[in-house]
>>> print(open('coords21.pdb').read())   # PDB, C-alpha atoms
MODEL        1
ATOM      1  CA  MET Q   1     -36.111  58.928 -96.163
ATOM      2  CA  LYS Q   2     -39.148  60.493 -97.767
ATOM      3  CA  THR Q   3     -40.880  57.097 -97.763
ATOM      4  CA  ALA Q   4     -40.366  56.752 -93.998
ATOM      5  CA  TRP Q   5     -41.996  60.124 -93.327
ATOM      6  CA  ILE Q   6     -44.887  59.181 -95.663
ATOM      7  CA  PHE Q   7     -45.438  56.063 -93.533
ATOM      8  CA  VAL Q   8     -45.357  58.193 -90.359
ATOM      9  CA  ALA Q   9     -47.867  60.677 -91.852
ATOM     10  CA  LEU Q  10     -50.134  57.822 -92.994
ATOM     11  CA  GLY Q  11     -49.895  56.275 -89.540
ATOM     12  CA  VAL Q  12     -50.892  59.531 -87.846
ATOM     13  CA  ALA Q  13     -53.824  60.014 -90.288
ATOM     14  CA  PHE Q  14     -55.134  56.480 -89.714
ATOM     15  CA  LEU Q  15     -54.714  56.822 -85.943
ATOM     16  CA  VAL Q  16     -56.574  60.133 -85.852
ATOM     17  CA  ALA Q  17     -59.442  58.653 -87.912
ATOM     18  CA  GLY Q  18     -59.502  55.399 -85.926
ATOM     19  CA  SER Q  19     -59.389  57.167 -82.579
ATOM     20  CA  TYR Q  20     -62.201  59.516 -83.623
ATOM     21  CA  VAL Q  21     -64.434  56.576 -84.595
ATOM     22  CA  GLY Q  22     -63.376  54.647 -81.484
ATOM     23  CA  LEU Q  23     -64.026  57.513 -79.095
ATOM     24  CA  PHE Q  24     -67.089  59.201 -80.590
ATOM     25  CA  VAL Q  25     -68.833  56.894 -83.092
ATOM     26  CA  ALA Q  26     -68.561  53.294 -81.851
ATOM     27  CA  PRO Q  27     -71.043  52.426 -79.075
ATOM     28  CA  ALA Q  28     -69.933  51.707 -75.517
ATOM     29  CA  GLU Q  29     -69.663  48.010 -74.613
ATOM     30  CA  GLU Q  30     -72.532  46.537 -72.573
ATOM     31  CA  TYR Q  31     -70.536  45.621 -69.430
ATOM     32  CA  MET Q  32     -67.222  47.474 -69.691
ATOM     33  CA  GLY Q  33     -68.898  50.699 -70.790
ATOM     34  CA  GLN Q  34     -66.573  53.479 -71.990
ATOM     35  CA  VAL Q  35     -63.458  51.703 -70.683
ATOM     36  CA  GLN Q  36     -63.715  49.219 -73.567
ATOM     37  CA  ARG Q  37     -62.634  52.047 -75.927
ATOM     38  CA  ILE Q  38     -59.075  51.510 -74.636
ATOM     39  CA  MET Q  39     -59.133  48.291 -76.701
ATOM     40  CA  TYR Q  40     -58.870  50.364 -79.918
ATOM     41  CA  VAL Q  41     -55.351  51.474 -79.001
ATOM     42  CA  HIS Q  42     -54.288  48.551 -76.826
ATOM     43  CA  VAL Q  43     -54.994  45.714 -79.272
ATOM     44  CA  PRO Q  44     -53.382  47.407 -82.345
ATOM     45  CA  THR Q  45     -50.323  48.208 -80.192
ATOM     46  CA  ALA Q  46     -50.156  44.554 -79.122
ATOM     47  CA  TRP Q  47     -50.430  43.198 -82.694
ATOM     48  CA  ASN Q  48     -47.768  45.551 -84.003
ATOM     49  CA  TRP Q  49     -45.519  45.011 -80.999
ATOM     50  CA  MET Q  50     -45.467  41.312 -81.944
ATOM     51  CA  LEU Q  51     -44.586  42.274 -85.529
ATOM     52  CA  ALA Q  52     -41.759  44.507 -84.269
ATOM     53  CA  VAL Q  53     -40.391  41.630 -82.157
ATOM     54  CA  LEU Q  54     -40.584  39.328 -85.210
ATOM     55  CA  PHE Q  55     -38.775  41.986 -87.271
ATOM     56  CA  ALA Q  56     -35.990  42.187 -84.665
ATOM     57  CA  LEU Q  57     -35.794  38.379 -84.597
ATOM     58  CA  GLY Q  58     -35.591  38.232 -88.412
ATOM     59  CA  ALA Q  59     -32.865  40.898 -88.455
ATOM     60  CA  ALA Q  60     -30.900  39.027 -85.774
ATOM     61  CA  ILE Q  61     -31.038  35.751 -87.752
ATOM     62  CA  ALA Q  62     -30.184  37.571 -91.011
ATOM     63  CA  PHE Q  63     -27.172  39.208 -89.345
ATOM     64  CA  LEU Q  64     -25.823  35.910 -88.025
ATOM     65  CA  PHE Q  65     -26.116  34.378 -91.519
ATOM     66  CA  THR Q  66     -24.755  37.326 -93.534
ATOM     67  CA  ALA Q  67     -22.657  39.379 -91.041
ATOM     68  CA  LYS Q  68     -23.804  42.490 -92.918
ATOM     69  CA  THR Q  69     -23.943  45.760 -90.952
ATOM     70  CA  LYS Q  70     -27.304  46.718 -92.476
ATOM     71  CA  TRP Q  71     -28.939  43.842 -90.557
ATOM     72  CA  ASP Q  72     -27.352  45.019 -87.306
ATOM     73  CA  ALA Q  73     -28.779  48.497 -87.941
ATOM     74  CA  ARG Q  74     -32.212  46.957 -88.587
ATOM     75  CA  LEU Q  75     -31.877  44.848 -85.440
ATOM     76  CA  GLU Q  76     -31.150  47.953 -83.357
ATOM     77  CA  ALA Q  77     -34.180  49.700 -84.868
ATOM     78  CA  GLY Q  78     -36.459  46.700 -84.286
ATOM     79  CA  LEU Q  79     -35.289  46.346 -80.687
ATOM     80  CA  GLU Q  80     -35.924  49.990 -79.865
ATOM     81  CA  VAL Q  81     -39.343  50.241 -81.545
ATOM     82  CA  ALA Q  82     -40.438  46.929 -79.957
ATOM     83  CA  THR Q  83     -39.350  48.275 -76.559
ATOM     84  CA  LEU Q  84     -41.374  51.458 -77.050
ATOM     85  CA  PHE Q  85     -44.445  49.438 -78.068
ATOM     86  CA  ALA Q  86     -44.049  47.005 -75.139
ATOM     87  CA  PHE Q  87     -43.830  49.937 -72.727
ATOM     88  CA  LEU Q  88     -46.964  51.554 -74.189
ATOM     89  CA  LEU Q  89     -48.709  48.172 -74.104
ATOM     90  CA  CYS Q  90     -48.005  47.819 -70.374
ATOM     91  CA  VAL Q  91     -49.160  51.403 -69.691
ATOM     92  CA  GLN Q  92     -52.415  50.971 -71.670
ATOM     93  CA  GLY Q  93     -53.001  47.566 -70.058
ATOM     94  CA  SER Q  94     -52.516  48.979 -66.553
ATOM     95  CA  ILE Q  95     -54.959  51.820 -67.240
ATOM     96  CA  TRP Q  96     -57.493  49.283 -68.527
ATOM     97  CA  ALA Q  97     -56.852  46.868 -65.616
ATOM     98  CA  LYS Q  98     -57.594  49.355 -62.824
ATOM     99  CA  PRO Q  99     -61.327  49.874 -63.545
ATOM    100  CA  THR Q 100     -61.928  46.304 -64.805
ATOM    101  CA  TRP Q 101     -59.790  44.120 -62.499
ATOM    102  CA  GLY Q 102     -59.482  46.608 -59.621
ATOM    103  CA  VAL Q 103     -55.654  46.616 -59.731
ATOM    104  CA  TRP Q 104     -53.055  48.425 -61.849
ATOM    105  CA  TRP Q 105     -50.940  45.296 -62.276
ATOM    106  CA  ASP Q 106     -51.278  41.570 -61.742
ATOM    107  CA  TRP Q 107     -48.633  38.861 -62.140
ATOM    108  CA  ASP Q 108     -50.849  37.148 -64.673
ATOM    109  CA  PRO Q 109     -49.023  34.977 -67.293
ATOM    110  CA  ARG Q 110     -49.802  37.366 -70.195
ATOM    111  CA  LEU Q 111     -48.691  40.509 -68.350
ATOM    112  CA  THR Q 112     -45.647  38.824 -66.846
ATOM    113  CA  SER Q 113     -44.446  37.384 -70.179
ATOM    114  CA  VAL Q 114     -44.806  40.800 -71.891
ATOM    115  CA  ALA Q 115     -42.873  42.448 -69.033
ATOM    116  CA  VAL Q 116     -40.137  39.787 -69.341
ATOM    117  CA  LEU Q 117     -39.688  40.570 -73.042
ATOM    118  CA  LEU Q 118     -39.771  44.332 -72.375
ATOM    119  CA  PHE Q 119     -36.950  44.032 -69.825
ATOM    120  CA  ALA Q 120     -35.028  41.558 -71.993
ATOM    121  CA  PHE Q 121     -35.057  44.019 -74.911
ATOM    122  CA  LEU Q 122     -34.128  46.891 -72.582
ATOM    123  CA  GLY Q 123     -31.201  44.754 -71.416
ATOM    124  CA  ILE Q 124     -30.072  44.097 -75.001
ATOM    125  CA  LEU Q 125     -30.257  47.823 -75.804
ATOM    126  CA  ALA Q 126     -28.182  48.516 -72.677
ATOM    127  CA  LEU Q 127     -25.703  45.821 -73.742
ATOM    128  CA  ARG Q 128     -25.288  47.595 -77.083
ATOM    129  CA  GLN Q 129     -24.303  50.765 -75.213
ATOM    130  CA  PHE Q 130     -21.556  49.012 -73.264
ATOM    131  CA  VAL Q 131     -19.811  47.054 -76.030
ATOM    132  CA  ASP Q 132     -17.470  49.170 -78.155
ATOM    133  CA  ASP Q 133     -16.442  46.604 -80.756
ATOM    134  CA  PRO Q 134     -19.164  46.806 -83.475
ATOM    135  CA  GLN Q 135     -18.719  43.180 -84.606
ATOM    136  CA  ARG Q 136     -18.852  41.717 -81.112
ATOM    137  CA  ARG Q 137     -21.789  43.955 -80.198
ATOM    138  CA  ALA Q 138     -23.752  42.860 -83.258
ATOM    139  CA  VAL Q 139     -23.171  39.134 -82.635
ATOM    140  CA  TRP Q 140     -23.981  39.355 -78.927
ATOM    141  CA  SER Q 141     -27.149  41.361 -79.438
ATOM    142  CA  ALA Q 142     -28.303  39.084 -82.284
ATOM    143  CA  VAL Q 143     -27.863  35.974 -80.125
ATOM    144  CA  ALA Q 144     -29.530  37.668 -77.132
ATOM    145  CA  THR Q 145     -32.472  38.754 -79.324
ATOM    146  CA  ILE Q 146     -32.999  35.185 -80.561
ATOM    147  CA  ILE Q 147     -32.939  33.859 -76.978
ATOM    148  CA  ALA Q 148     -35.310  36.617 -75.737
ATOM    149  CA  SER Q 149     -37.739  36.044 -78.634
ATOM    150  CA  VAL Q 150     -38.456  32.545 -77.328
ATOM    151  CA  ASP Q 151     -40.806  34.442 -74.988
ATOM    152  CA  LEU Q 152     -42.998  35.645 -77.886
ATOM    153  CA  PRO Q 153     -44.951  32.374 -78.401
ATOM    154  CA  ILE Q 154     -45.336  32.215 -74.604
ATOM    155  CA  VAL Q 155     -46.903  35.707 -74.687
ATOM    156  CA  TYR Q 156     -49.252  34.686 -77.515
ATOM    157  CA  TYR Q 157     -50.373  31.350 -76.074
ATOM    158  CA  SER Q 158     -50.281  32.334 -72.367
ATOM    159  CA  VAL Q 159     -54.017  33.091 -72.357
ATOM    160  CA  LYS Q 160     -54.727  29.617 -73.793
ATOM    161  CA  TRP Q 161     -52.164  27.603 -71.798
ATOM    162  CA  TRP Q 162     -52.996  29.025 -68.365
ATOM    163  CA  ASN Q 163     -56.148  30.064 -66.551
ATOM    164  CA  SER Q 164     -55.325  33.721 -67.180
ATOM    165  CA  LEU Q 165     -56.974  36.846 -65.821
ATOM    166  CA  HIS Q 166     -56.289  38.452 -69.210
ATOM    167  CA  GLN Q 167     -58.962  37.663 -71.763
ATOM    168  CA  GLN Q 168     -58.326  35.646 -74.949
ATOM    169  CA  GLN Q 169     -56.858  37.387 -77.997
ATOM    170  CA  SER Q 170     -59.150  40.001 -79.568
ATOM    171  CA  THR Q 171     -59.591  39.685 -83.328
ATOM    172  CA  PRO Q 172     -62.300  40.986 -85.702
ATOM    173  CA  GLN Q 173     -63.891  37.525 -85.283
ATOM    174  CA  THR Q 174     -64.130  37.818 -81.496
ATOM    175  CA  VAL Q 175     -65.549  41.355 -81.276
ATOM    176  CA  SER Q 176     -68.841  42.811 -82.456
ATOM    177  CA  SER Q 177     -68.919  44.139 -86.046
ATOM    178  CA  GLN Q 178     -69.577  47.677 -84.717
ATOM    179  CA  TYR Q 179     -66.036  47.683 -83.307
ATOM    180  CA  HIS Q 180     -64.290  46.494 -86.483
ATOM    181  CA  LEU Q 181     -63.731  49.887 -88.129
ATOM    182  CA  PRO Q 182     -61.860  51.664 -85.277
ATOM    183  CA  LEU Q 183     -59.894  48.502 -84.546
ATOM    184  CA  ARG Q 184     -58.809  48.119 -88.185
ATOM    185  CA  LEU Q 185     -58.070  51.823 -88.727
ATOM    186  CA  ASN Q 186     -55.873  51.957 -85.630
ATOM    187  CA  ALA Q 187     -54.229  48.626 -86.486
ATOM    188  CA  PHE Q 188     -53.133  50.037 -89.859
ATOM    189  CA  GLY Q 189     -52.238  53.361 -88.186
ATOM    190  CA  VAL Q 190     -49.894  51.722 -85.680
ATOM    191  CA  LEU Q 191     -48.517  49.455 -88.439
ATOM    192  CA  PHE Q 192     -47.627  52.414 -90.695
ATOM    193  CA  LEU Q 193     -46.152  54.291 -87.742
ATOM    194  CA  MET Q 194     -44.071  51.250 -86.804
ATOM    195  CA  ILE Q 195     -42.752  50.883 -90.382
ATOM    196  CA  GLY Q 196     -41.864  54.602 -90.524
ATOM    197  CA  PHE Q 197     -40.168  54.514 -87.105
ATOM    198  CA  ILE Q 198     -38.152  51.392 -87.970
ATOM    199  CA  MET Q 199     -37.016  52.924 -91.282
ATOM    200  CA  LEU Q 200     -35.938  56.173 -89.583
ATOM    201  CA  ARG Q 201     -34.260  54.403 -86.671
ATOM    202  CA  THR Q 202     -32.417  52.096 -89.081
ATOM    203  CA  ARG Q 203     -31.077  55.206 -90.815
ATOM    204  CA  VAL Q 204     -29.866  56.651 -87.488
ATOM    205  CA  ALA Q 205     -28.131  53.362 -86.635
ATOM    206  CA  SER Q 206     -26.600  53.107 -90.137
ATOM    207  CA  TYR Q 207     -25.048  56.579 -89.861
ATOM    208  CA  ARG Q 208     -23.602  55.751 -86.437
ATOM    209  CA  LEU Q 209     -22.275  52.341 -87.495
ATOM    210  CA  ALA Q 210     -20.691  53.870 -90.604
ATOM    211  CA  ARG Q 211     -18.956  56.458 -88.411
ATOM    212  CA  GLU Q 212     -17.729  53.762 -86.004
ATOM    213  CA  THR Q 213     -16.311  51.525 -88.709
ATOM    214  CA  ALA Q 214     -14.690  54.399 -90.641
ATOM    215  CA  MET Q 215     -10.909  54.799 -90.274
ATOM    216  CA  PRO Q 216     -10.149  57.202 -87.405
ATOM    217  CA  PRO Q 217      -8.493  60.440 -88.571
ATOM    218  CA  MET Q 218      -4.703  60.260 -88.299
ATOM    219  CA  ARG Q 219      -3.033  62.361 -85.615
ATOM    220  CA  GLY Q 220      -0.310  64.852 -86.631
ATOM    221  CA  GLU Q 221       2.696  62.876 -85.269
ATOM    222  CA  GLU Q 222       1.411  59.601 -86.789
ATOM    223  CA  ALA Q 223       1.062  61.269 -90.163
ATOM    224  CA  GLY Q 224       4.615  62.672 -89.734
ATOM    225  CA  GLU Q 225       6.048  59.211 -88.910
ATOM    226  CA  LEU Q 226       4.510  57.759 -92.051
ATOM    227  CA  ALA Q 227       5.816  60.613 -94.182
TER     228      ALA Q 227
ATOM    229  CA  MET Y   1     -73.551  45.089 -57.933
ATOM    230  CA  THR Y   2     -74.481  44.868 -61.595
ATOM    231  CA  GLY Y   3     -71.024  44.096 -63.005
ATOM    232  CA  VAL Y   4     -71.337  47.100 -65.297
ATOM    233  CA  ILE Y   5     -68.535  49.688 -65.213
ATOM    234  CA  VAL Y   6     -69.996  53.190 -64.926
ATOM    235  CA  GLY Y   7     -68.012  56.201 -66.113
ATOM    236  CA  GLY Y   8     -64.416  55.482 -67.007
ATOM    237  CA  TRP Y   9     -63.815  58.315 -69.492
ATOM    238  CA  GLY Y  10     -60.834  59.434 -67.371
ATOM    239  CA  PHE Y  11     -59.124  56.089 -67.945
ATOM    240  CA  VAL Y  12     -59.896  56.225 -71.687
ATOM    241  CA  ILE Y  13     -58.493  59.760 -72.028
ATOM    242  CA  ALA Y  14     -55.381  58.779 -70.039
ATOM    243  CA  ALA Y  15     -54.728  55.737 -72.253
ATOM    244  CA  TYR Y  16     -55.155  57.666 -75.521
ATOM    245  CA  SER Y  17     -53.159  60.683 -74.289
ATOM    246  CA  LEU Y  18     -50.213  58.624 -73.023
ATOM    247  CA  THR Y  19     -50.149  56.583 -76.247
ATOM    248  CA  ALA Y  20     -50.195  59.741 -78.385
ATOM    249  CA  ALA Y  21     -47.505  61.326 -76.183
ATOM    250  CA  GLY Y  22     -45.346  58.196 -76.439
ATOM    251  CA  PHE Y  23     -45.524  58.130 -80.233
ATOM    252  CA  ALA Y  24     -45.041  61.908 -80.551
ATOM    253  CA  ILE Y  25     -42.033  62.099 -78.207
ATOM    254  CA  TYR Y  26     -40.377  59.133 -79.916
ATOM    255  CA  GLY Y  27     -41.072  60.610 -83.368
ATOM    256  CA  VAL Y  28     -39.563  63.988 -82.443
ATOM    257  CA  ARG Y  29     -36.545  62.310 -80.810
ATOM    258  CA  LEU Y  30     -36.005  60.247 -83.961
ATOM    259  CA  TRP Y  31     -36.114  63.360 -86.114
ATOM    260  CA  LEU Y  32     -33.571  65.118 -83.850
ATOM    261  CA  ARG Y  33     -31.258  62.097 -83.759
ATOM    262  CA  LEU Y  34     -31.417  61.711 -87.530
ATOM    263  CA  ARG Y  35     -30.606  65.392 -87.999
ATOM    264  CA  GLU Y  36     -27.629  65.088 -85.625
ATOM    265  CA  GLU Y  37     -26.308  61.946 -87.348
ATOM    266  CA  LYS Y  38     -26.594  63.630 -90.760
ATOM    267  CA  ARG Y  39     -24.679  66.632 -89.434
ATOM    268  CA  LEU Y  40     -21.903  64.394 -88.040
ATOM    269  CA  ALA Y  41     -21.725  62.449 -91.312
ATOM    270  CA  HIS Y  42     -21.135  65.651 -93.266
ATOM    271  CA  GLU Y  43     -18.425  66.970 -90.909
TER     272      GLU Y  43
ENDMDL
END
>>> encode(input="coords21.pdb", output="structure tokens")
Amino acid sequence: MKTAWIFVALGVAFLVAGSYVGLFVAPAEEYMGQVQRIMYVHVPTAWNWMLAVLFALGAAIAFLFTAKTKWDARLEAGLEVATLFAFLLCVQGSIWAKPTWGVWWDWDPRLTSVAVLLFAFLGILALRQFVDDPQRRAVWSAVATIIASVDLPIVYYSVKWWNSLHQQQSTPQTVSSQYHLPLRLNAFGVLFLMIGFIMLRTRVASYRLARETAMPPMRGEEAGELA
Amino acid sequence: MTGVIVGGWGFVIAAYSLTAAGFAIYGVRLWLRLREEKRLAHE
């Protein structure tokens, strides 16, 4: 578990450095002014959210092929961290949208497809709470995750396929070189944080799954009958 | 109308603060849940 906390600490350090450069060193954008600084947290969250969804998808496929509990624990971790990131993504996006688009939310293809995946993952996490049988729960949530992940390419290509209000994907190639450093620092910061969170959450799920699959303690009368 | 957004620091601070709060709350919750699961495993 030490490694997980090292990733979390590294993530925090990179985020503090990246946010400092993004807030106080990098110049304001010509048209969006100070509001553009939101990009330094929004874009890294978006990139790593996609990675978290891919991780959950990989864990779901691995579980269906191997039926090993460790993949179910990883799936649960991936689902929860991806849900957190999707929620933060929507919050950051709304805060950015108000001064730039004039509205907090718009049913634009990019925003809508992210919201669909957020609610799909929330639904799968809720499903996991309601199913008691660990094997059935793992299979159902793995299948549901694979179906929900079909939305990920739609999220990615939505700004290319439709005449979207949301701008095209931001990469170091599409933004000025002055913005590269805070963007990269925060991208690594969120990545390290995501790895640490997934490792810790996997551990939590593993403990719980081990407890669920362990033999229940025998009651007094049952033990007497056997004796 | 110049198309240039003036001000906006309030939105920037809100976005950074809510992101930091989200990560911090989740991190603390994870730590607490892990501690609880470890305790239950050793019972």
>>> resolve_selection(input="coords21.pdb", expression="the PyMOL selection byres ((chain Y) within 7 of (chain Q))", output="ChimeraX atom specification")
/Y:3-9,11-12,15,19,30,33-34,37,41
>>> residues_around(input="coords21.pdb", residues="range 176-186 of chain Q", least_positions_apart="2", cutoff="8 Å", atoms="only C-alpha atoms", output="ChimeraX atom specification")
/Q:14-15,17-19,21-22,26-27,39-41,43-44,172-174,188-190
>>> write_last_selection(input="coords21.pdb", atoms="C-alpha atoms", output="PDB file, keeping the file's coordinate frame")
ATOM      1  CA  PHE Q  14     -55.134  56.480 -89.714  1.00  0.00           C
ATOM      2  CA  LEU Q  15     -54.714  56.822 -85.943  1.00  0.00           C
ATOM      3  CA  ALA Q  17     -59.442  58.653 -87.912  1.00  0.00           C
ATOM      4  CA  GLY Q  18     -59.502  55.399 -85.926  1.00  0.00           C
ATOM      5  CA  SER Q  19     -59.389  57.167 -82.579  1.00  0.00           C
ATOM      6  CA  VAL Q  21     -64.434  56.576 -84.595  1.00  0.00           C
ATOM      7  CA  GLY Q  22     -63.376  54.647 -81.484  1.00  0.00           C
ATOM      8  CA  ALA Q  26     -68.561  53.294 -81.851  1.00  0.00           C
ATOM      9  CA  PRO Q  27     -71.043  52.426 -79.075  1.00  0.00           C
ATOM     10  CA  MET Q  39     -59.133  48.291 -76.701  1.00  0.00           C
ATOM     11  CA  TYR Q  40     -58.870  50.364 -79.918  1.00  0.00           C
ATOM     12  CA  VAL Q  41     -55.351  51.474 -79.001  1.00  0.00           C
ATOM     13  CA  VAL Q  43     -54.994  45.714 -79.272  1.00  0.00           C
ATOM     14  CA  PRO Q  44     -53.382  47.407 -82.345  1.00  0.00           C
ATOM     15  CA  PRO Q 172     -62.300  40.986 -85.702  1.00  0.00           C
ATOM     16  CA  GLN Q 173     -63.891  37.525 -85.283  1.00  0.00           C
ATOM     17  CA  THR Q 174     -64.130  37.818 -81.496  1.00  0.00           C
ATOM     18  CA  PHE Q 188     -53.133  50.037 -89.859  1.00  0.00           C
ATOM     19  CA  GLY Q 189     -52.238  53.361 -88.186  1.00  0.00           C
ATOM     20  CA  VAL Q 190     -49.894  51.722 -85.680  1.00  0.00           C
TER      21      VAL Q 190
END
>>> resolve_selection(input="coords21.pdb", expression="the PyMOL selection byres ((chain Q and resi 54-64) around 9)", output="PyMOL selection string")
chain Q and resi 49-53+65-79+82+138-139+141-146+149+152
>>> write_last_selection(input="coords21.pdb", atoms="C-alpha atoms", output="PDB file, in the coordinates of the input")
ATOM      1  CA  TRP Q  49     -45.519  45.011 -80.999  1.00  0.00           C
ATOM      2  CA  MET Q  50     -45.467  41.312 -81.944  1.00  0.00           C
ATOM      3  CA  LEU Q  51     -44.586  42.274 -85.529  1.00  0.00           C
ATOM      4  CA  ALA Q  52     -41.759  44.507 -84.269  1.00  0.00           C
ATOM      5  CA  VAL Q  53     -40.391  41.630 -82.157  1.00  0.00           C
ATOM      6  CA  PHE Q  65     -26.116  34.378 -91.519  1.00  0.00           C
ATOM      7  CA  THR Q  66     -24.755  37.326 -93.534  1.00  0.00           C
ATOM      8  CA  ALA Q  67     -22.657  39.379 -91.041  1.00  0.00           C
ATOM      9  CA  LYS Q  68     -23.804  42.490 -92.918  1.00  0.00           C
ATOM     10  CA  THR Q  69     -23.943  45.760 -90.952  1.00  0.00           C
ATOM     11  CA  LYS Q  70     -27.304  46.718 -92.476  1.00  0.00           C
ATOM     12  CA  TRP Q  71     -28.939  43.842 -90.557  1.00  0.00           C
ATOM     13  CA  ASP Q  72     -27.352  45.019 -87.306  1.00  0.00           C
ATOM     14  CA  ALA Q  73     -28.779  48.497 -87.941  1.00  0.00           C
ATOM     15  CA  ARG Q  74     -32.212  46.957 -88.587  1.00  0.00           C
ATOM     16  CA  LEU Q  75     -31.877  44.848 -85.440  1.00  0.00           C
ATOM     17  CA  GLU Q  76     -31.150  47.953 -83.357  1.00  0.00           C
ATOM     18  CA  ALA Q  77     -34.180  49.700 -84.868  1.00  0.00           C
ATOM     19  CA  GLY Q  78     -36.459  46.700 -84.286  1.00  0.00           C
ATOM     20  CA  LEU Q  79     -35.289  46.346 -80.687  1.00  0.00           C
ATOM     21  CA  ALA Q  82     -40.438  46.929 -79.957  1.00  0.00           C
ATOM     22  CA  ALA Q 138     -23.752  42.860 -83.258  1.00  0.00           C
ATOM     23  CA  VAL Q 139     -23.171  39.134 -82.635  1.00  0.00           C
ATOM     24  CA  SER Q 141     -27.149  41.361 -79.438  1.00  0.00           C
ATOM     25  CA  ALA Q 142     -28.303  39.084 -82.284  1.00  0.00           C
ATOM     26  CA  VAL Q 143     -27.863  35.974 -80.125  1.00  0.00           C
ATOM     27  CA  ALA Q 144     -29.530  37.668 -77.132  1.00  0.00           C
ATOM     28  CA  THR Q 145     -32.472  38.754 -79.324  1.00  0.00           C
ATOM     29  CA  ILE Q 146     -32.999  35.185 -80.561  1.00  0.00           C
ATOM     30  CA  SER Q 149     -37.739  36.044 -78.634  1.00  0.00           C
ATOM     31  CA  LEU Q 152     -42.998  35.645 -77.886  1.00  0.00           C
TER      32      LEU Q 152
END
>>> residues_around(input="coords21.pdb", residues="range 116-118 of chain Q", least_positions_apart="5", cutoff="7 Å", atoms="only C-alpha atoms", output="list in words")
Thr83, Ala86, Phe87, Ala148 and Asp151 of chain Q
>>> atom_distance(input="coords21.pdb", atom1="CA of Val175 in chain Q", atom2="CA of Lys160 in chain Q")
17.6 Å
>>> atom_distance(input="coords21.pdb", atom1="CA of Gly123 in chain Q", atom2="CA of Ala24 in chain Y")
23.9 Å
>>> atom_distance(input="coords21.pdb", atom1="CA of Gln169 in chain Q", atom2="CA of Ile124 in chain Q")
27.8 Å
>>> residues_around(input="coords21.pdb", residues="Ile154 in chain Q", least_positions_apart="6", cutoff="10 Å", atoms="only C-alpha atoms", output="number ranges by chain")
Q: 109-110, 113-114, 160-161
>>> axis_aligned_box(input="coords21.pdb", around="range 179-195 of chain Q", padding_each_side="5 Å", output="JSON")
{"center_x": -54.4, "center_y": 50.4, "center_z": -87.0, "size_x": 33.3, "size_y": 17.8, "size_z": 17.4}
